[in-house]
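Novice: Below you'll find coords39.cif; it's mmCIF, C-alpha atoms.
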data_target
loop_
_atom_site.label_atom_id
_atom_site.label_comp_id
_atom_site.auth_asym_id
_atom_site.auth_seq_id
_atom_site.Cartn_x
_atom_site.Cartn_y
_atom_site.Cartn_z
CA THR A 1 -3.51 -1.76 3.80
CA GLU A 2 -4.12 0.06 7.05
CA ARG A 3 -6.76 -2.58 7.82
CA GLU A 4 -4.38 -5.52 7.46
CA THR A 5 -4.33 -7.50 10.69
CA GLN A 6 -2.12 -10.33 11.89
CA ILE A 7 -4.08 -12.99 13.74
CA ALA A 8 -2.93 -15.76 16.06
CA SER A 9 -5.17 -18.79 16.09
CA HIS A 10 -5.52 -22.26 17.62
CA ALA A 11 -6.12 -23.65 14.10
CA TYR A 12 -4.34 -23.30 10.78
CA PHE A 13 -6.12 -21.38 8.02
CA ASP A 14 -3.68 -21.74 5.16
CA LEU A 15 -3.18 -24.12 2.26
CA ALA A 16 -0.11 -25.70 3.83
CA HIS A 17 -2.58 -27.40 6.20
CA ASP A 18 -5.81 -29.35 5.81
CA LEU A 19 -8.71 -26.92 6.41
CA ASN A 20 -10.83 -29.93 7.47
CA LYS A 21 -8.80 -29.94 10.70
CA VAL A 22 -10.35 -26.65 11.83
CA PRO A 23 -12.24 -27.69 15.01
CA LEU A 24 -15.88 -28.70 14.94
CA THR A 25 -16.31 -27.23 18.43
CA VAL A 26 -15.73 -23.46 18.56
CA GLY A 27 -16.64 -22.03 21.97
CA ALA A 28 -20.38 -22.64 22.42
CA TRP A 29 -20.75 -23.56 18.74
CA GLN A 30 -20.94 -27.21 17.62
CA GLY A 31 -20.31 -27.93 13.95
CA LYS A 32 -20.77 -30.64 11.40
CA SER A 33 -19.29 -30.91 7.93
CA VAL A 34 -21.73 -30.61 5.03
CA GLU A 35 -20.84 -31.59 1.47
CA GLU A 36 -21.41 -28.96 -1.20
CA SER A 37 -24.46 -30.13 -3.15
CA ASN A 38 -24.17 -27.55 -5.93
CA GLN A 39 -21.54 -28.96 -8.28
CA GLU A 40 -21.59 -25.71 -10.25
CA VAL A 41 -19.80 -24.11 -7.29
CA MET A 42 -16.93 -26.59 -7.56
CA ILE A 43 -16.74 -26.27 -11.36
CA LEU A 44 -16.75 -22.46 -11.31
CA LEU A 45 -14.42 -21.96 -8.35
CA GLU A 46 -12.00 -24.86 -8.89
CA PRO A 47 -10.81 -24.61 -5.27
CA GLU A 48 -7.75 -26.42 -3.99
CA GLN A 49 -9.58 -26.88 -0.68
CA TYR A 50 -13.26 -26.37 0.08
CA VAL A 51 -14.79 -26.87 3.51
CA GLN A 52 -18.42 -26.17 4.35
CA ARG A 53 -19.80 -26.56 7.85
CA LEU A 54 -22.94 -25.82 9.78
CA TYR A 55 -22.35 -24.60 13.35
CA GLN A 56 -25.13 -24.21 15.92
CA ARG A 57 -25.40 -23.03 19.50
CA GLU A 58 -27.63 -24.73 22.04
CA SER A 59 -29.92 -21.69 21.91
CA GLY A 60 -30.68 -22.47 18.24
CA GLU A 61 -28.72 -19.84 16.30
CA TYR A 62 -26.77 -21.19 13.35
CA ILE A 63 -23.89 -20.08 11.16
CA TRP A 64 -22.55 -21.64 7.97
CA LEU A 65 -18.75 -21.55 7.70
CA SER A 66 -17.22 -21.81 4.25
CA MET A 67 -13.47 -21.93 3.74
CA ILE A 68 -12.33 -21.81 0.15
CA GLY A 69 -8.63 -22.05 -0.61
CA GLY A 70 -6.72 -21.63 -3.82
CA ARG A 71 -3.55 -20.46 -5.51
CA SER A 72 -5.27 -18.76 -8.44
CA SER A 73 -7.70 -15.88 -8.65
CA GLN A 74 -10.48 -18.25 -9.86
CA PRO A 75 -12.16 -18.83 -6.45
CA PHE A 76 -11.93 -15.18 -5.39
CA HIS A 77 -14.37 -12.64 -6.71
CA PRO A 78 -16.63 -9.97 -5.21
CA PRO A 79 -19.73 -11.53 -3.63
CA ASP A 80 -22.09 -9.25 -5.51
CA ILE A 81 -21.36 -11.22 -8.71
CA CYS A 82 -23.03 -14.37 -7.31
CA TYR A 83 -25.79 -12.49 -5.51
CA ASP A 84 -26.63 -10.47 -8.65
CA ALA A 85 -26.69 -13.63 -10.77
CA ASP A 86 -29.07 -15.34 -8.32
CA GLY A 87 -31.54 -12.42 -8.05
CA TRP A 88 -30.75 -11.16 -4.54
CA GLN A 89 -31.18 -7.55 -3.40
CA TYR A 90 -28.35 -6.59 -1.04
CA ASP A 91 -26.32 -4.02 0.84
CA LEU A 92 -22.55 -4.48 0.95
CA GLY A 93 -20.13 -2.79 3.32
CA SER A 94 -17.19 -3.14 5.66
CA HIS A 95 -17.52 -3.99 9.33
CA PRO A 96 -14.93 -4.30 12.13
CA ILE A 97 -15.08 -7.04 14.74
CA ALA A 98 -13.37 -6.24 18.03
CA LEU A 99 -10.99 -9.09 18.84
CA ASP A 100 -9.97 -7.53 22.15
CA ALA A 101 -9.70 -4.05 23.64
CA ASN A 102 -6.96 -2.99 21.18
CA HIS A 103 -7.46 -4.99 17.99
CA SER A 104 -10.16 -5.32 15.35
CA LEU A 105 -10.62 -7.52 12.32
CA TYR A 106 -12.22 -5.87 9.32
CA GLY A 107 -14.27 -7.88 6.90
CA LEU A 108 -16.90 -7.39 4.27
CA TRP A 109 -20.52 -7.93 5.18
CA LEU A 110 -23.47 -8.41 2.96
CA GLU A 111 -27.12 -8.23 3.96
CA ALA A 112 -29.25 -9.85 1.26
CA GLU A 113 -32.84 -10.83 0.65
CA LYS A 114 -34.97 -12.28 -2.10
CA THR A 115 -38.18 -14.17 -2.71
CA ASP A 116 -37.58 -17.57 -4.27
CA THR A 117 -39.69 -19.22 -6.96
CA ALA A 118 -41.88 -20.90 -4.31
CA GLY A 119 -42.69 -17.49 -2.76
CA ASN A 120 -40.46 -17.94 0.31
CA HIS A 121 -38.73 -14.82 1.66
CA LEU A 122 -35.02 -15.53 2.18
CA GLU A 123 -32.49 -13.46 4.12
CA HIS A 124 -28.73 -13.81 4.42
CA VAL A 125 -26.20 -11.98 6.52
CA VAL A 126 -22.71 -12.78 5.28
CA PHE A 127 -19.38 -11.76 6.81
CA TYR A 128 -16.16 -12.65 5.09
CA PHE A 129 -12.49 -11.88 4.78
CA TYR A 130 -9.40 -13.20 3.05
CA LEU A 131 -6.57 -14.95 4.89
CA PHE A 132 -3.02 -14.85 3.55
CA PRO A 133 -0.23 -16.93 5.12
CA ASN A 134 2.03 -13.86 5.35
CA SER A 135 2.23 -10.19 4.46
CA THR A 136 3.70 -10.76 0.98
CA ARG A 137 0.27 -11.87 -0.30
CA ASN A 138 1.95 -14.08 -2.87
CA LEU A 139 -0.80 -15.89 -4.78
CA ASN A 140 1.45 -18.97 -5.15
CA GLU A 141 1.37 -19.38 -1.35
CA GLY A 142 -2.42 -19.45 -1.43
CA ILE A 143 -5.38 -17.52 -0.11
CA VAL A 144 -8.25 -18.76 2.04
CA LEU A 145 -11.65 -17.10 1.88
CA PHE A 146 -13.27 -17.34 5.33
CA LYS A 147 -17.00 -16.76 5.03
CA LEU A 148 -19.79 -16.88 7.60
CA THR A 149 -23.40 -16.97 6.40
CA SER A 150 -26.56 -17.04 8.48
CA GLY A 151 -30.13 -15.97 8.45
CA ARG A 152 -30.93 -12.83 10.36
CA HIS A 153 -31.00 -13.39 14.12
CA GLY A 154 -32.69 -10.21 15.35
CA THR A 155 -31.28 -7.07 13.75
CA VAL A 156 -28.38 -7.07 11.30
CA GLU A 157 -26.19 -5.65 14.10
CA GLU A 158 -27.24 -8.47 16.44
CA THR A 159 -26.51 -11.00 13.71
CA LEU A 160 -23.06 -9.50 13.10
CA ASP A 161 -22.47 -9.69 16.88
CA LEU A 162 -23.27 -13.41 16.63
CA HIS A 163 -20.73 -13.74 13.81
CA ALA A 164 -18.20 -11.83 15.94
CA ASP A 165 -18.78 -14.24 18.83
CA PHE A 166 -17.99 -17.15 16.53
CA ILE A 167 -14.84 -15.49 15.17
CA ARG A 168 -13.49 -14.57 18.60
#
Once you've parsed the file, please lay out its structure as structure tokens.
Specialist:
Amino acid sequence: TERETQIASHAYFDLAHDLNKVPLTVGAWQGKSVEESNQEVMILLEPEQYVQRLYQRESGEYIWLSMIGGRSSQPFHPPDICYDADGWQYDLGSHPIALDANHSLYGLWLEAEKTDTAGNHLEHVVFYFYLFPNSTRNLNEGIVLFKLTSGRHGTVEETLDLHADFIR
């Protein structure tokens, strides 16, 4: 598509490499691996690789990074399916992140909120995109879903700026 972007990175984000080797320190962000506690996720998605991390900055902001890799369409579906099933209200759209003065990375963003059964108001801002190892997009070579999730830190735009800082 016209939004397809080639990215150079200091880490590998493909299924030929172990996604667990993505660094725990990303700029000012310090991460730790967190096991997925919802086994339904693993049963439904059947990922070849699944990495979930919590990254925080010294100033207190946090971002969850999920990387889900597979060679089938099973792990990859529109996010509204899960959010609908779990009772969230949301807005979904596309958002570019400026990588430098001449290049942007487009991803999908989702702003969601709901009140849980205990009466707590929950908010998510999610930014995600799909990574293919090359332009052929051959499913047999694998796909990695790269997803950032956080609460709202200020406005949605300020939160997406935080996500952009992490990605850059």
Novice: How many Å lie between CA of Pro78 in chain A and CA of Ala118 in chain A, rounded to one decimal?
Specialist: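 Separation between CA of Pro78 in chain A and CA of Ala118 in chain A: 27.5 Å.
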Novice: Between A:Ile167, A:Leu92, A:Leu122, A:Leu139, which has the minimum distance to Arg152 in chain A (counting all atoms listed in the file)?
Specialist: A:Leu122
Novice: Could you list, as a list of chain:residue names, every residue within 12 Å of Leu131 in chain A, counting all atoms listed in the file and ignoring same-chain residues fewer than 5 positions away?
Specialist: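 Contacts, in chain order: A:Glu4, A:Thr5, A:Gln6, A:Ile7, A:Ala8, A:Ser9, A:Tyr12, A:Phe13, A:Asp14, A:Leu15, A:Met67, A:Ile68, A:Gly69, A:Gly70, A:Phe76, A:Leu105, A:Tyr106, A:Gly107, A:Thr136, A:Arg137, A:Asn138, A:Leu139, A:Glu141, A:Gly142, A:Ile143, A:Val144, A:Leu145, A:Phe146, A:Lys147.
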Novice: Please write as number ranges by chain the full residue list that the PyMOL selection byres ((chain A and resi 48-58) around 9) yields on this file.
Specialist: A: 15, 18-20, 24-26, 28-36, 42, 46-47, 59-71, 144
Novice: Could you save those same residues with C-alpha atoms as a PDB file, in the frame of the given file?
Specialist:
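Listing of out_9.pdb after writing:
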ATOM      1  CA  LEU A  15      -3.180 -24.120   2.260  1.00  0.00           C
ATOM      2  CA  ASP A  18      -5.810 -29.350   5.810  1.00  0.00           C
ATOM      3  CA  LEU A  19      -8.710 -26.920   6.410  1.00  0.00           C
ATOM      4  CA  ASN A  20     -10.830 -29.930   7.470  1.00  0.00           C
ATOM      5  CA  LEU A  24     -15.880 -28.700  14.940  1.00  0.00           C
ATOM      6  CA  THR A  25     -16.310 -27.230  18.430  1.00  0.00           C
ATOM      7  CA  VAL A  26     -15.730 -23.460  18.560  1.00  0.00           C
ATOM      8  CA  ALA A  28     -20.380 -22.640  22.420  1.00  0.00           C
ATOM      9  CA  TRP A  29     -20.750 -23.560  18.740  1.00  0.00           C
ATOM     10  CA  GLN A  30     -20.940 -27.210  17.620  1.00  0.00           C
ATOM     11  CA  GLY A  31     -20.310 -27.930  13.950  1.00  0.00           C
ATOM     12  CA  LYS A  32     -20.770 -30.640  11.400  1.00  0.00           C
ATOM     13  CA  SER A  33     -19.290 -30.910   7.930  1.00  0.00           C
ATOM     14  CA  VAL A  34     -21.730 -30.610   5.030  1.00  0.00           C
ATOM     15  CA  GLU A  35     -20.840 -31.590   1.470  1.00  0.00           C
ATOM     16  CA  GLU A  36     -21.410 -28.960  -1.200  1.00  0.00           C
ATOM     17  CA  MET A  42     -16.930 -26.590  -7.560  1.00  0.00           C
ATOM     18  CA  GLU A  46     -12.000 -24.860  -8.890  1.00  0.00           C
ATOM     19  CA  PRO A  47     -10.810 -24.610  -5.270  1.00  0.00           C
ATOM     20  CA  SER A  59     -29.920 -21.690  21.910  1.00  0.00           C
ATOM     21  CA  GLY A  60     -30.680 -22.470  18.240  1.00  0.00           C
ATOM     22  CA  GLU A  61     -28.720 -19.840  16.300  1.00  0.00           C
ATOM     23  CA  TYR A  62     -26.770 -21.190  13.350  1.00  0.00           C
ATOM     24  CA  ILE A  63     -23.890 -20.080  11.160  1.00  0.00           C
ATOM     25  CA  TRP A  64     -22.550 -21.640   7.970  1.00  0.00           C
ATOM     26  CA  LEU A  65     -18.750 -21.550   7.700  1.00  0.00           C
ATOM     27  CA  SER A  66     -17.220 -21.810   4.250  1.00  0.00           C
ATOM     28  CA  MET A  67     -13.470 -21.930   3.740  1.00  0.00           C
ATOM     29  CA  ILE A  68     -12.330 -21.810   0.150  1.00  0.00           C
ATOM     30  CA  GLY A  69      -8.630 -22.050  -0.610  1.00  0.00           C
ATOM     31  CA  GLY A  70      -6.720 -21.630  -3.820  1.00  0.00           C
ATOM     32  CA  ARG A  71      -3.550 -20.460  -5.510  1.00  0.00           C
ATOM     33  CA  VAL A 144      -8.250 -18.760   2.040  1.00  0.00           C
TER      34      VAL A 144
END
Novice: What is the distance, in Å and to one decimal place, between CA of Ser73 in chain A and CA of Leu45 in chain A?
Specialist: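 Interatomic distance here is 9.1 Å.
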Novice: Would you mind listing what lies within 12 Å of His77 in chain A as a list in words, with all atoms listed in the file counted and same-chain residues fewer than 5 positions away left out?
Specialist: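 That gives Leu44, Leu45, Ile68, Ser72, Cys82, Tyr83, Tyr128, Phe129, Tyr130 and Leu145 of chain A.
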Novice: Taking into account all atoms listed in the file, which residue in the set A:Glu111, A:Asp165, A:Glu123, A:Glu40 is nearest to Ser94 in chain A?
Specialist: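 Checking each candidate against Ser94 in chain A, we get A:Glu111 as the closest.
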Novice: From the list A:Glu157, A:Glu2, A:Glu113, A:Asp100, which residue is nearest Asp84 in chain A when using all atoms listed in the file?
Specialist: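 Of A:Glu157, A:Glu2, A:Glu113, A:Asp100, the one nearest Asp84 in chain A is A:Glu113, counting all atoms listed in the file.
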Novice: Applying 10 Å and all atoms listed in the file, which residues near Asp116 in chain A remain after dropping the ones on its own chain fewer than 4 positions away? List them as a PyMOL selection string.
Specialist: chain A and resi 86-88+120-122
Novice: Please report the interatomic distance between CA of His124 in chain A and CA of Ser150 in chain A in Å with one decimal.
Specialist: 5.6 Å
Novice: When the PyMOL selection byres ((chain A and resi 127) around 7) is applied to the structure above, which residues does it catch, written out as number ranges by chain?
Specialist: A: 107-110, 125-126, 128, 147-149
Novice: How would range 95-120 of chain A look with N, CA, C and O atoms restored, written as a short mmCIF file (atom, residue, chain, number, x, y, z; two decimals), keeping the file's coordinate frame?
Specialist:
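result-v2.cif, written as the output of this step:
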data_model
loop_
_atom_site.label_atom_id
_atom_site.label_comp_id
_atom_site.auth_asym_id
_atom_site.auth_seq_id
_atom_site.Cartn_x
_atom_site.Cartn_y
_atom_site.Cartn_z
N HIS A 95 -17.13 -3.97 7.92
CA HIS A 95 -17.52 -3.99 9.33
C HIS A 95 -16.36 -4.50 10.17
O HIS A 95 -15.79 -5.54 9.84
N PRO A 96 -15.98 -3.80 11.25
CA PRO A 96 -14.93 -4.30 12.13
C PRO A 96 -15.51 -5.19 13.24
O PRO A 96 -16.61 -4.96 13.73
N ILE A 97 -14.75 -6.20 13.59
CA ILE A 97 -15.08 -7.04 14.74
C ILE A 97 -13.98 -6.83 15.77
O ILE A 97 -12.80 -7.01 15.45
N ALA A 98 -14.36 -6.43 16.97
CA ALA A 98 -13.37 -6.24 18.03
C ALA A 98 -12.89 -7.61 18.49
O ALA A 98 -13.67 -8.46 18.92
N LEU A 99 -11.57 -7.83 18.37
CA LEU A 99 -10.99 -9.09 18.84
C LEU A 99 -10.65 -9.01 20.32
O LEU A 99 -10.77 -9.98 21.05
N ASP A 100 -10.23 -7.83 20.74
CA ASP A 100 -9.97 -7.53 22.15
C ASP A 100 -10.04 -6.02 22.29
O ASP A 100 -10.48 -5.33 21.36
N ALA A 101 -9.58 -5.49 23.39
CA ALA A 101 -9.70 -4.05 23.64
C ALA A 101 -8.89 -3.21 22.65
O ALA A 101 -9.22 -2.05 22.41
N ASN A 102 -7.84 -3.78 22.04
CA ASN A 102 -6.96 -2.99 21.18
C ASN A 102 -6.93 -3.39 19.71
O ASN A 102 -6.28 -2.72 18.91
N HIS A 103 -7.58 -4.48 19.35
CA HIS A 103 -7.46 -4.99 17.99
C HIS A 103 -8.82 -5.32 17.38
O HIS A 103 -9.69 -5.86 18.06
N SER A 104 -8.93 -5.00 16.09
CA SER A 104 -10.16 -5.32 15.35
C SER A 104 -9.80 -6.05 14.07
O SER A 104 -8.70 -5.90 13.54
N LEU A 105 -10.74 -6.82 13.59
CA LEU A 105 -10.62 -7.52 12.32
C LEU A 105 -11.69 -6.97 11.40
O LEU A 105 -12.87 -7.01 11.73
N TYR A 106 -11.27 -6.40 10.28
CA TYR A 106 -12.22 -5.87 9.32
C TYR A 106 -12.56 -6.93 8.29
O TYR A 106 -11.70 -7.66 7.82
N GLY A 107 -13.82 -6.99 7.95
CA GLY A 107 -14.27 -7.88 6.90
C GLY A 107 -15.38 -7.22 6.13
O GLY A 107 -15.86 -6.15 6.48
N LEU A 108 -15.77 -7.87 5.05
CA LEU A 108 -16.90 -7.39 4.27
C LEU A 108 -18.15 -8.07 4.77
O LEU A 108 -18.13 -9.25 5.13
N TRP A 109 -19.24 -7.32 4.82
CA TRP A 109 -20.52 -7.93 5.18
C TRP A 109 -21.51 -7.64 4.08
O TRP A 109 -21.39 -6.66 3.34
N LEU A 110 -22.44 -8.54 3.98
CA LEU A 110 -23.47 -8.41 2.96
C LEU A 110 -24.78 -8.81 3.61
O LEU A 110 -24.86 -9.85 4.26
N GLU A 111 -25.77 -7.93 3.50
CA GLU A 111 -27.12 -8.23 3.96
C GLU A 111 -27.96 -8.39 2.70
O GLU A 111 -28.03 -7.47 1.87
N ALA A 112 -28.56 -9.57 2.52
CA ALA A 112 -29.25 -9.85 1.26
C ALA A 112 -30.61 -10.47 1.51
O ALA A 112 -30.84 -11.14 2.52
N GLU A 113 -31.53 -10.21 0.57
CA GLU A 113 -32.84 -10.83 0.65
C GLU A 113 -33.41 -11.03 -0.74
O GLU A 113 -33.03 -10.35 -1.69
N LYS A 114 -34.27 -12.02 -0.85
CA LYS A 114 -34.97 -12.28 -2.10
C LYS A 114 -36.17 -13.17 -1.80
O LYS A 114 -36.27 -13.78 -0.74
N THR A 115 -37.07 -13.24 -2.76
CA THR A 115 -38.18 -14.17 -2.71
C THR A 115 -37.90 -15.24 -3.75
O THR A 115 -37.66 -14.93 -4.92
N ASP A 116 -37.89 -16.50 -3.32
CA ASP A 116 -37.58 -17.57 -4.27
C ASP A 116 -38.79 -17.92 -5.12
O ASP A 116 -39.87 -17.34 -4.96
N THR A 117 -38.63 -18.86 -6.02
CA THR A 117 -39.69 -19.22 -6.96
C THR A 117 -40.91 -19.82 -6.28
O THR A 117 -42.01 -19.79 -6.83
N ALA A 118 -40.74 -20.34 -5.06
CA ALA A 118 -41.88 -20.90 -4.31
C ALA A 118 -42.57 -19.83 -3.46
O ALA A 118 -43.51 -20.13 -2.73
N GLY A 119 -42.08 -18.57 -3.52
CA GLY A 119 -42.69 -17.49 -2.76
C GLY A 119 -42.14 -17.32 -1.36
O GLY A 119 -42.66 -16.52 -0.58
N ASN A 120 -41.08 -18.05 -1.01
CA ASN A 120 -40.46 -17.94 0.31
C ASN A 120 -39.54 -16.72 0.36
O ASN A 120 -38.76 -16.49 -0.57
#
